[in-house]
$ cat upload-v2.cif   # mmCIF, C-alpha atoms
data_upload
#
loop_
_atom_site.label_atom_id
_atom_site.label_comp_id
_atom_site.auth_asym_id
_atom_site.auth_seq_id
_atom_site.Cartn_x
_atom_site.Cartn_y
_atom_site.Cartn_z
CA MET A 1 72.43 -96.66 -174.12
CA SER A 2 74.54 -97.28 -171.09
CA GLY A 3 75.61 -100.86 -170.61
CA GLU A 4 75.64 -101.49 -174.38
CA ILE A 5 78.89 -103.06 -175.54
CA LYS A 6 80.49 -101.03 -178.31
CA GLU A 7 80.65 -102.95 -181.58
CA TYR A 8 84.44 -102.64 -181.87
CA LEU A 9 84.83 -104.40 -178.53
CA ARG A 10 82.90 -107.38 -179.93
CA THR A 11 84.42 -107.41 -183.43
CA GLY A 12 87.87 -105.91 -182.90
CA ILE A 13 87.21 -103.64 -185.88
CA ILE A 14 86.97 -99.86 -185.56
CA ARG A 15 84.50 -98.12 -187.87
CA VAL A 16 84.83 -94.54 -189.12
CA GLU A 17 81.86 -93.53 -186.97
CA ASP A 18 83.76 -94.78 -183.87
CA LEU A 19 86.50 -92.18 -184.45
CA GLY A 20 84.57 -89.10 -183.40
CA GLU A 21 85.22 -85.74 -185.01
CA LEU A 22 87.28 -85.89 -188.19
CA PRO A 23 88.82 -83.01 -190.12
CA SER A 24 86.73 -81.31 -192.79
CA GLU A 25 87.51 -81.63 -196.49
CA GLU A 26 88.46 -77.95 -196.46
CA ARG A 27 91.05 -78.63 -193.72
CA LEU A 28 92.34 -81.73 -195.54
CA LYS A 29 93.05 -79.64 -198.64
CA LYS A 30 95.27 -77.19 -196.67
CA LYS A 31 97.89 -79.69 -195.49
CA PRO A 32 98.09 -83.31 -194.33
CA VAL A 33 96.77 -84.17 -190.90
CA CYS A 34 97.17 -87.07 -188.51
CA ILE A 35 94.20 -89.29 -187.67
CA THR A 36 94.24 -91.41 -184.53
CA GLU A 37 92.41 -94.70 -184.34
CA CYS A 38 93.44 -95.25 -180.74
CA ILE A 39 90.02 -95.02 -179.12
CA GLN A 40 90.29 -97.12 -175.95
CA PRO A 41 91.80 -95.94 -172.68
CA ILE A 42 95.18 -97.67 -172.43
CA PRO A 43 98.41 -96.58 -170.72
CA CYS A 44 100.32 -95.20 -173.70
CA ASP A 45 101.44 -91.69 -174.56
CA SER A 46 104.22 -92.11 -177.11
CA CYS A 47 102.37 -90.04 -179.73
CA TYR A 48 101.80 -87.23 -177.23
CA TYR A 49 105.53 -86.93 -176.52
CA ALA A 50 106.52 -87.35 -180.18
CA CYS A 51 104.42 -84.39 -181.33
CA LYS A 52 106.58 -81.26 -181.54
CA PHE A 53 103.57 -79.07 -182.37
CA ASN A 54 101.42 -79.77 -179.27
CA ALA A 55 98.70 -81.07 -181.59
CA ILE A 56 97.98 -84.16 -179.49
CA LYS A 57 96.00 -83.71 -176.30
CA MET A 58 95.82 -86.16 -173.39
CA ASP A 59 94.91 -85.32 -169.80
CA ASN A 60 96.60 -88.49 -168.53
CA ILE A 61 98.48 -91.51 -169.85
CA ASN A 62 95.27 -93.59 -170.11
CA ASP A 63 93.34 -91.11 -172.26
CA PRO A 64 92.90 -91.82 -175.95
CA PRO A 65 94.79 -89.11 -177.85
CA LYS A 66 92.81 -86.27 -179.44
CA ILE A 67 94.25 -84.41 -182.42
CA ASP A 68 94.00 -80.64 -182.77
CA TYR A 69 93.68 -80.56 -186.56
CA GLU A 70 94.63 -76.90 -186.78
CA LYS A 71 97.96 -77.48 -185.02
CA CYS A 72 98.80 -80.79 -186.73
CA THR A 73 101.30 -80.49 -189.60
CA GLY A 74 101.12 -84.10 -190.77
CA CYS A 75 104.81 -84.61 -189.97
CA ASN A 76 104.34 -88.36 -189.25
CA LEU A 77 106.33 -88.35 -186.00
CA CYS A 78 103.36 -89.83 -184.14
CA LEU A 79 103.05 -92.58 -186.77
CA ARG A 80 106.69 -93.48 -186.19
CA THR A 81 106.26 -93.89 -182.45
CA CYS A 82 102.82 -95.50 -182.15
CA PRO A 83 103.36 -99.10 -181.00
CA GLY A 84 99.76 -99.99 -181.88
CA LEU A 85 99.96 -98.85 -185.54
CA ALA A 86 96.90 -96.72 -184.80
CA MET A 87 97.98 -93.44 -186.40
CA PHE A 88 97.56 -92.41 -190.05
CA THR A 89 98.19 -89.23 -192.00
CA VAL A 90 95.58 -88.20 -194.57
CA GLY A 91 95.07 -85.37 -196.98
CA ILE A 92 93.55 -84.20 -200.23
CA THR A 93 95.60 -82.58 -202.98
CA LYS A 94 94.55 -79.39 -204.75
CA ASP A 95 93.45 -81.49 -207.73
CA GLY A 96 91.19 -83.61 -205.49
CA LYS A 97 93.28 -86.76 -205.06
CA GLY A 98 93.36 -88.38 -201.64
CA TYR A 99 96.40 -89.79 -199.97
CA VAL A 100 97.04 -91.87 -196.88
CA THR A 101 100.31 -92.50 -195.06
CA MET A 102 100.15 -95.70 -193.06
CA PRO A 103 102.49 -97.95 -191.11
CA HIS A 104 103.59 -101.08 -193.00
CA GLU A 105 105.59 -103.90 -191.43
CA PHE A 106 105.63 -106.59 -194.11
CA GLU A 107 108.60 -107.25 -196.37
CA PRO A 108 109.24 -106.70 -199.14
CA TYR A 109 108.50 -103.03 -198.74
CA PRO A 110 106.96 -101.38 -201.80
CA LYS A 111 108.75 -98.75 -203.86
CA PRO A 112 107.42 -95.42 -205.11
CA GLY A 113 105.46 -96.02 -208.30
CA ASP A 114 104.44 -99.57 -207.36
CA ILE A 115 100.79 -100.52 -207.67
CA VAL A 116 99.48 -102.10 -204.47
CA GLU A 117 96.15 -103.44 -203.29
CA ILE A 118 94.46 -101.20 -200.71
CA LEU A 119 92.79 -102.93 -197.79
CA GLY A 120 90.11 -101.71 -195.42
CA ARG A 121 89.85 -102.34 -191.70
CA ARG A 122 88.28 -105.78 -192.22
CA GLY A 123 91.03 -106.75 -194.68
CA GLN A 124 88.70 -106.35 -197.65
CA SER A 125 90.05 -105.08 -200.95
CA LEU A 126 89.23 -101.45 -201.71
CA GLY A 127 90.98 -101.51 -205.09
CA LYS A 128 94.44 -100.65 -206.31
CA ALA A 129 96.57 -97.59 -205.65
CA ARG A 130 99.94 -96.14 -206.59
CA VAL A 131 102.64 -95.79 -203.94
CA LYS A 132 103.80 -92.17 -203.78
CA PHE A 133 106.41 -92.32 -201.00
CA VAL A 134 108.07 -94.91 -198.79
CA PHE A 135 109.79 -93.85 -195.60
CA PRO A 136 111.96 -96.84 -194.67
CA PRO A 137 112.08 -98.20 -191.14
CA GLU A 138 114.28 -96.34 -188.72
CA LYS A 139 117.13 -97.98 -186.82
CA ASN A 140 116.01 -100.96 -184.69
CA ASP A 141 112.51 -100.81 -186.19
CA LYS A 142 110.70 -102.79 -188.89
CA THR A 143 107.89 -100.34 -189.58
CA ALA A 144 108.02 -98.42 -192.84
CA LEU A 145 105.61 -95.58 -193.58
CA VAL A 146 103.94 -95.87 -196.97
CA THR A 147 101.99 -93.09 -198.68
CA VAL A 148 99.46 -94.15 -201.31
CA GLU A 149 97.27 -92.10 -203.60
CA VAL A 150 93.61 -93.10 -203.32
CA ASP A 151 90.21 -91.75 -204.22
CA LYS A 152 89.49 -88.97 -201.70
CA ASP A 153 86.42 -90.91 -200.50
CA LEU A 154 88.73 -93.71 -199.26
CA ILE A 155 91.09 -91.71 -197.04
CA PHE A 156 89.26 -92.72 -193.86
CA GLU A 157 88.84 -96.33 -195.03
CA ALA A 158 92.20 -97.40 -196.51
CA ARG A 159 94.25 -98.79 -193.63
CA ALA A 160 96.71 -101.31 -195.09
CA ILE A 161 98.33 -102.35 -198.33
CA LYS A 162 99.15 -105.66 -199.96
CA VAL A 163 102.23 -105.63 -202.15
CA MET A 164 101.46 -107.50 -205.37
#
$ encode --input "upload-v2.cif" --output "structure tokens"
Amino acid sequence: MSGEIKEYLRTGIIRVEDLGELPSEERLKKKPVCITECIQPIPCDSCYYACKFNAIKMDNINDPPKIDYEKCTGCNLCLRTCPGLAMFTVGITKDGKGYVTMPHEFEPYPKPGDIVEILGRRGQSLGKARVKFVFPPEKNDKTALVTVEVDKDLIFEARAIKVM
């Protein structure tokens, strides 16, 4: 319906169905892949230039980035450069466990092995998870990247953590 205001413009909350095509479970089991939740046209292309594998497509600086899931290696370079914290890396291990790497800006930063609360897009609790990896902030930055192990059904829902 043209003229209808998209729900995320009214609520400020992106839903999974707003993201468009997502990688298949088969693809997610091969290797990690980046997911972009940057869905509005804004003048930003830092992820495009950070990607060394040409996996991010944009026709111009205002286009929302599109990920070529076959080219993406899940290297996290786009997560590091995204000023809007709108990039995530997701995957499924061979034994069926899900994992999500997400930007995290709150101190204290968690440590591998810590149990944290997983939060969804609305800030609601999705349960607890174990921190697998923490990539500390780079120079002149305050954003760490935190990888948590979650149920594979939560990889497109878990978007923040709360250190307990």
$ resolve_selection --input "upload-v2.cif" --expression "the PyMOL selection byres ((chain A and resi 130) around 8)" --output "list in words"
Pro112, Gly113, Asp114, Ile115, Val116, Lys128, Ala129, Val131, Lys132, Val148, Glu149 and Val150 of chain A
$ write_last_selection --input "upload-v2.cif" --atoms "C-alpha atoms" --output "short mmCIF file (atom, residue, chain, number, x, y, z; two decimals), in the coordinates of the input"
data_model
loop_
_atom_site.label_atom_id
_atom_site.label_comp_id
_atom_site.auth_asym_id
_atom_site.auth_seq_id
_atom_site.Cartn_x
_atom_site.Cartn_y
_atom_site.Cartn_z
CA PRO A 112 107.42 -95.42 -205.11
CA GLY A 113 105.46 -96.02 -208.30
CA ASP A 114 104.44 -99.57 -207.36
CA ILE A 115 100.79 -100.52 -207.67
CA VAL A 116 99.48 -102.10 -204.47
CA LYS A 128 94.44 -100.65 -206.31
CA ALA A 129 96.57 -97.59 -205.65
CA VAL A 131 102.64 -95.79 -203.94
CA LYS A 132 103.80 -92.17 -203.78
CA VAL A 148 99.46 -94.15 -201.31
CA GLU A 149 97.27 -92.10 -203.60
CA VAL A 150 93.61 -93.10 -203.32
#
$ axis_aligned_box --input "upload-v2.cif" --around "segment 4-8 of chain A" --padding-each-side "6 Å" --output "JSON"
{"center_x": 80.0, "center_y": -102.0, "center_z": -178.1, "size_x": 20.8, "size_y": 14.0, "size_z": 19.5}
$ atom_distance --input "upload-v2.cif" --atom1 "atom CA of Thr93 of chain A" --atom2 "atom CA of Glu21 of chain A"
21.0 Å
$ resolve_selection --input "upload-v2.cif" --expression "the PyMOL selection byres ((chain A and resi 99) around 8)" --output "ChimeraX atom specification"
/A:90-93,97-98,100-101,147-152,155
$ resolve_selection --input "upload-v2.cif" --expression "the PyMOL selection byres ((chain A and resi 75) around 12)" --output "PyMOL selection string"
chain A and resi 31-35+47+50-53+55+71-74+76-80+87-90+101+135+145
$ atom_distance --input "upload-v2.cif" --atom1 "atom CA of Ile14 of chain A" --atom2 "atom CA of Glu105 of chain A"
19.9 Å
$ closest_residue --input "upload-v2.cif" --among "A:Asp45, A:Asp141, A:Asp63, A:Asp18" --to "Pro103 of chain A" --atoms "all atoms listed in the file"
A:Asp141
$ decode --input "upload-v2.cif" --residues "segment 3-148 of chain A" --atoms "C-alpha atoms" --output "PDB file, in the first residue's frame"
ATOM      1  CA  GLY A   3       1.411   6.026   1.334  1.00  0.00           C
ATOM      2  CA  GLU A   4       1.405   3.629   4.314  1.00  0.00           C
ATOM      3  CA  ILE A   5       3.987   4.580   6.922  1.00  0.00           C
ATOM      4  CA  LYS A   6       6.302   1.690   7.684  1.00  0.00           C
ATOM      5  CA  GLU A   7       5.965   0.494  11.267  1.00  0.00           C
ATOM      6  CA  TYR A   8       9.651   1.061  12.081  1.00  0.00           C
ATOM      7  CA  LEU A   9       9.258   4.733  11.176  1.00  0.00           C
ATOM      8  CA  ARG A  10       6.508   5.042  13.807  1.00  0.00           C
ATOM      9  CA  THR A  11       8.091   2.861  16.506  1.00  0.00           C
ATOM     10  CA  GLY A  12      11.819   3.213  15.849  1.00  0.00           C
ATOM     11  CA  ILE A  13      12.105  -0.569  16.081  1.00  0.00           C
ATOM     12  CA  ILE A  14      13.135  -2.737  13.141  1.00  0.00           C
ATOM     13  CA  ARG A  15      11.504  -6.160  12.903  1.00  0.00           C
ATOM     14  CA  VAL A  16      13.085  -9.225  11.277  1.00  0.00           C
ATOM     15  CA  GLU A  17      10.521  -9.020   8.464  1.00  0.00           C
ATOM     16  CA  ASP A  18      11.751  -5.464   7.692  1.00  0.00           C
ATOM     17  CA  LEU A  19      15.228  -6.795   6.844  1.00  0.00           C
ATOM     18  CA  GLY A  20      14.396  -8.424   3.528  1.00  0.00           C
ATOM     19  CA  GLU A  21      16.218 -11.532   2.365  1.00  0.00           C
ATOM     20  CA  LEU A  22      18.248 -13.254   5.051  1.00  0.00           C
ATOM     21  CA  PRO A  23      20.766 -16.074   4.640  1.00  0.00           C
ATOM     22  CA  SER A  24      19.490 -19.643   4.765  1.00  0.00           C
ATOM     23  CA  GLU A  25      20.291 -21.991   7.644  1.00  0.00           C
ATOM     24  CA  GLU A  26      22.429 -23.998   5.213  1.00  0.00           C
ATOM     25  CA  ARG A  27      24.501 -20.872   4.437  1.00  0.00           C
ATOM     26  CA  LEU A  28      24.757 -19.969   8.134  1.00  0.00           C
ATOM     27  CA  LYS A  29      26.278 -23.378   8.884  1.00  0.00           C
ATOM     28  CA  LYS A  30      29.092 -22.861   6.321  1.00  0.00           C
ATOM     29  CA  LYS A  31      30.662 -19.760   7.878  1.00  0.00           C
ATOM     30  CA  PRO A  32      29.576 -16.614   9.714  1.00  0.00           C
ATOM     31  CA  VAL A  33      27.886 -13.876   7.735  1.00  0.00           C
ATOM     32  CA  CYS A  34      27.169 -10.207   8.278  1.00  0.00           C
ATOM     33  CA  ILE A  35      23.589  -8.976   8.636  1.00  0.00           C
ATOM     34  CA  THR A  36      22.768  -5.325   8.058  1.00  0.00           C
ATOM     35  CA  GLU A  37      19.931  -3.622   9.855  1.00  0.00           C
ATOM     36  CA  CYS A  38      20.542  -0.342   8.061  1.00  0.00           C
ATOM     37  CA  ILE A  39      17.323  -0.167   6.061  1.00  0.00           C
ATOM     38  CA  GLN A  40      16.725   3.550   5.493  1.00  0.00           C
ATOM     39  CA  PRO A  41      18.387   5.636   2.794  1.00  0.00           C
ATOM     40  CA  ILE A  42      20.978   7.763   4.596  1.00  0.00           C
ATOM     41  CA  PRO A  43      24.290   9.198   3.390  1.00  0.00           C
ATOM     42  CA  CYS A  44      26.694   6.622   4.828  1.00  0.00           C
ATOM     43  CA  ASP A  45      28.969   4.103   3.160  1.00  0.00           C
ATOM     44  CA  SER A  46      31.567   3.193   5.779  1.00  0.00           C
ATOM     45  CA  CYS A  47      30.651  -0.516   5.655  1.00  0.00           C
ATOM     46  CA  TYR A  48      30.939  -0.546   1.867  1.00  0.00           C
ATOM     47  CA  TYR A  49      34.512   0.762   1.992  1.00  0.00           C
ATOM     48  CA  ALA A  50      35.481  -1.438   4.965  1.00  0.00           C
ATOM     49  CA  CYS A  51      34.553  -4.665   3.166  1.00  0.00           C
ATOM     50  CA  LYS A  52      37.647  -6.201   1.559  1.00  0.00           C
ATOM     51  CA  PHE A  53      35.595  -8.946  -0.098  1.00  0.00           C
ATOM     52  CA  ASN A  54      33.190  -6.777  -2.149  1.00  0.00           C
ATOM     53  CA  ALA A  55      30.304  -8.390  -0.273  1.00  0.00           C
ATOM     54  CA  ILE A  56      28.481  -5.111   0.357  1.00  0.00           C
ATOM     55  CA  LYS A  57      26.628  -3.535  -2.533  1.00  0.00           C
ATOM     56  CA  MET A  58      25.488   0.093  -2.789  1.00  0.00           C
ATOM     57  CA  ASP A  59      24.750   1.999  -5.981  1.00  0.00           C
ATOM     58  CA  ASN A  60      25.210   5.337  -4.213  1.00  0.00           C
ATOM     59  CA  ILE A  61      26.027   6.717  -0.773  1.00  0.00           C
ATOM     60  CA  ASN A  62      22.323   6.982   0.170  1.00  0.00           C
ATOM     61  CA  ASP A  63      21.440   3.351  -0.577  1.00  0.00           C
ATOM     62  CA  PRO A  64      20.961   0.946   2.305  1.00  0.00           C
ATOM     63  CA  PRO A  65      23.740  -1.653   2.065  1.00  0.00           C
ATOM     64  CA  LYS A  66      22.914  -5.101   0.681  1.00  0.00           C
ATOM     65  CA  ILE A  67      25.030  -8.090   1.672  1.00  0.00           C
ATOM     66  CA  ASP A  68      26.082 -10.754  -0.816  1.00  0.00           C
ATOM     67  CA  TYR A  69      25.983 -13.689   1.591  1.00  0.00           C
ATOM     68  CA  GLU A  70      28.124 -15.873  -0.652  1.00  0.00           C
ATOM     69  CA  LYS A  71      30.971 -13.350  -0.683  1.00  0.00           C
ATOM     70  CA  CYS A  72      30.733 -12.354   2.996  1.00  0.00           C
ATOM     71  CA  THR A  73      33.317 -14.020   5.251  1.00  0.00           C
ATOM     72  CA  GLY A  74      31.993 -12.697   8.561  1.00  0.00           C
ATOM     73  CA  CYS A  75      35.256 -10.831   9.194  1.00  0.00           C
ATOM     74  CA  ASN A  76      33.518  -8.101  11.270  1.00  0.00           C
ATOM     75  CA  LEU A  77      35.236  -5.174   9.524  1.00  0.00           C
ATOM     76  CA  CYS A  78      31.858  -3.651   8.672  1.00  0.00           C
ATOM     77  CA  LEU A  79      30.769  -3.976  12.322  1.00  0.00           C
ATOM     78  CA  ARG A  80      33.859  -2.050  13.374  1.00  0.00           C
ATOM     79  CA  THR A  81      33.145   0.863  11.061  1.00  0.00           C
ATOM     80  CA  CYS A  82      29.344   1.193  11.247  1.00  0.00           C
ATOM     81  CA  PRO A  83      28.593   4.421  13.150  1.00  0.00           C
ATOM     82  CA  GLY A  84      24.948   3.386  13.582  1.00  0.00           C
ATOM     83  CA  LEU A  85      25.693   0.021  15.265  1.00  0.00           C
ATOM     84  CA  ALA A  86      23.491  -1.551  12.585  1.00  0.00           C
ATOM     85  CA  MET A  87      25.694  -4.486  11.568  1.00  0.00           C
ATOM     86  CA  PHE A  88      25.814  -7.935  13.184  1.00  0.00           C
ATOM     87  CA  THR A  89      27.566 -11.190  12.374  1.00  0.00           C
ATOM     88  CA  VAL A  90      25.583 -14.401  12.793  1.00  0.00           C
ATOM     89  CA  GLY A  91      26.175 -18.081  12.283  1.00  0.00           C
ATOM     90  CA  ILE A  92      25.283 -21.610  13.299  1.00  0.00           C
ATOM     91  CA  THR A  93      27.895 -24.119  14.440  1.00  0.00           C
ATOM     92  CA  LYS A  94      28.065 -27.675  13.130  1.00  0.00           C
ATOM     93  CA  ASP A  95      26.457 -28.873  16.370  1.00  0.00           C
ATOM     94  CA  GLY A  96      23.509 -26.481  15.882  1.00  0.00           C
ATOM     95  CA  LYS A  97      24.398 -23.670  18.285  1.00  0.00           C
ATOM     96  CA  GLY A  98      23.772 -20.111  17.164  1.00  0.00           C
ATOM     97  CA  TYR A  99      26.077 -17.214  17.712  1.00  0.00           C
ATOM     98  CA  VAL A 100      25.833 -13.465  17.261  1.00  0.00           C
ATOM     99  CA  THR A 101      28.609 -10.879  17.212  1.00  0.00           C
ATOM    100  CA  MET A 102      27.284  -7.456  18.109  1.00  0.00           C
ATOM    101  CA  PRO A 103      28.642  -4.017  18.911  1.00  0.00           C
ATOM    102  CA  HIS A 104      28.707  -3.197  22.637  1.00  0.00           C
ATOM    103  CA  GLU A 105      29.563   0.239  24.031  1.00  0.00           C
ATOM    104  CA  PHE A 106      28.823  -0.077  27.745  1.00  0.00           C
ATOM    105  CA  GLU A 107      31.501  -0.574  30.377  1.00  0.00           C
ATOM    106  CA  PRO A 108      32.418  -2.804  31.982  1.00  0.00           C
ATOM    107  CA  TYR A 109      32.940  -4.973  28.950  1.00  0.00           C
ATOM    108  CA  PRO A 110      32.190  -8.658  29.492  1.00  0.00           C
ATOM    109  CA  LYS A 111      34.858 -11.347  29.396  1.00  0.00           C
ATOM    110  CA  PRO A 112      34.793 -14.684  27.574  1.00  0.00           C
ATOM    111  CA  GLY A 113      32.894 -17.183  29.701  1.00  0.00           C
ATOM    112  CA  ASP A 114      30.693 -14.558  31.372  1.00  0.00           C
ATOM    113  CA  ILE A 115      26.956 -15.144  31.446  1.00  0.00           C
ATOM    114  CA  VAL A 116      25.040 -12.128  30.135  1.00  0.00           C
ATOM    115  CA  GLU A 117      21.402 -11.285  29.562  1.00  0.00           C
ATOM    116  CA  ILE A 118      20.448 -11.199  25.875  1.00  0.00           C
ATOM    117  CA  LEU A 119      18.159  -8.390  24.780  1.00  0.00           C
ATOM    118  CA  GLY A 120      15.934  -8.086  21.738  1.00  0.00           C
ATOM    119  CA  ARG A 121      15.297  -5.007  19.635  1.00  0.00           C
ATOM    120  CA  ARG A 122      12.694  -3.668  22.087  1.00  0.00           C
ATOM    121  CA  GLY A 123      15.069  -4.178  25.025  1.00  0.00           C
ATOM    122  CA  GLN A 124      13.153  -7.233  26.218  1.00  0.00           C
ATOM    123  CA  SER A 125      15.009 -10.114  27.816  1.00  0.00           C
ATOM    124  CA  LEU A 126      15.487 -13.141  25.575  1.00  0.00           C
ATOM    125  CA  GLY A 127      17.274 -15.149  28.264  1.00  0.00           C
ATOM    126  CA  LYS A 128      20.874 -15.695  29.228  1.00  0.00           C
ATOM    127  CA  ALA A 129      23.877 -16.553  27.087  1.00  0.00           C
ATOM    128  CA  ARG A 130      27.579 -17.275  27.431  1.00  0.00           C
ATOM    129  CA  VAL A 131      30.107 -14.823  26.003  1.00  0.00           C
ATOM    130  CA  LYS A 132      32.407 -16.648  23.586  1.00  0.00           C
ATOM    131  CA  PHE A 133      34.683 -13.821  22.402  1.00  0.00           C
ATOM    132  CA  VAL A 134      35.268 -10.144  23.126  1.00  0.00           C
ATOM    133  CA  PHE A 135      37.093  -7.999  20.615  1.00  0.00           C
ATOM    134  CA  PRO A 136      38.085  -4.896  22.592  1.00  0.00           C
ATOM    135  CA  PRO A 137      37.575  -1.399  21.217  1.00  0.00           C
ATOM    136  CA  GLU A 138      40.148  -0.186  18.765  1.00  0.00           C
ATOM    137  CA  LYS A 139      42.191   2.972  19.282  1.00  0.00           C
ATOM    138  CA  ASN A 140      40.033   6.102  19.720  1.00  0.00           C
ATOM    139  CA  ASP A 141      36.862   3.991  19.855  1.00  0.00           C
ATOM    140  CA  LYS A 142      34.625   2.755  22.667  1.00  0.00           C
ATOM    141  CA  THR A 143      32.839  -0.001  20.767  1.00  0.00           C
ATOM    142  CA  ALA A 144      33.759  -3.580  21.624  1.00  0.00           C
ATOM    143  CA  LEU A 145      32.483  -6.507  19.573  1.00  0.00           C
ATOM    144  CA  VAL A 146      30.978  -9.274  21.685  1.00  0.00           C
ATOM    145  CA  THR A 147      30.163 -12.769  20.424  1.00  0.00           C
ATOM    146  CA  VAL A 148      27.549 -14.710  22.377  1.00  0.00           C
TER     147      VAL A 148
END
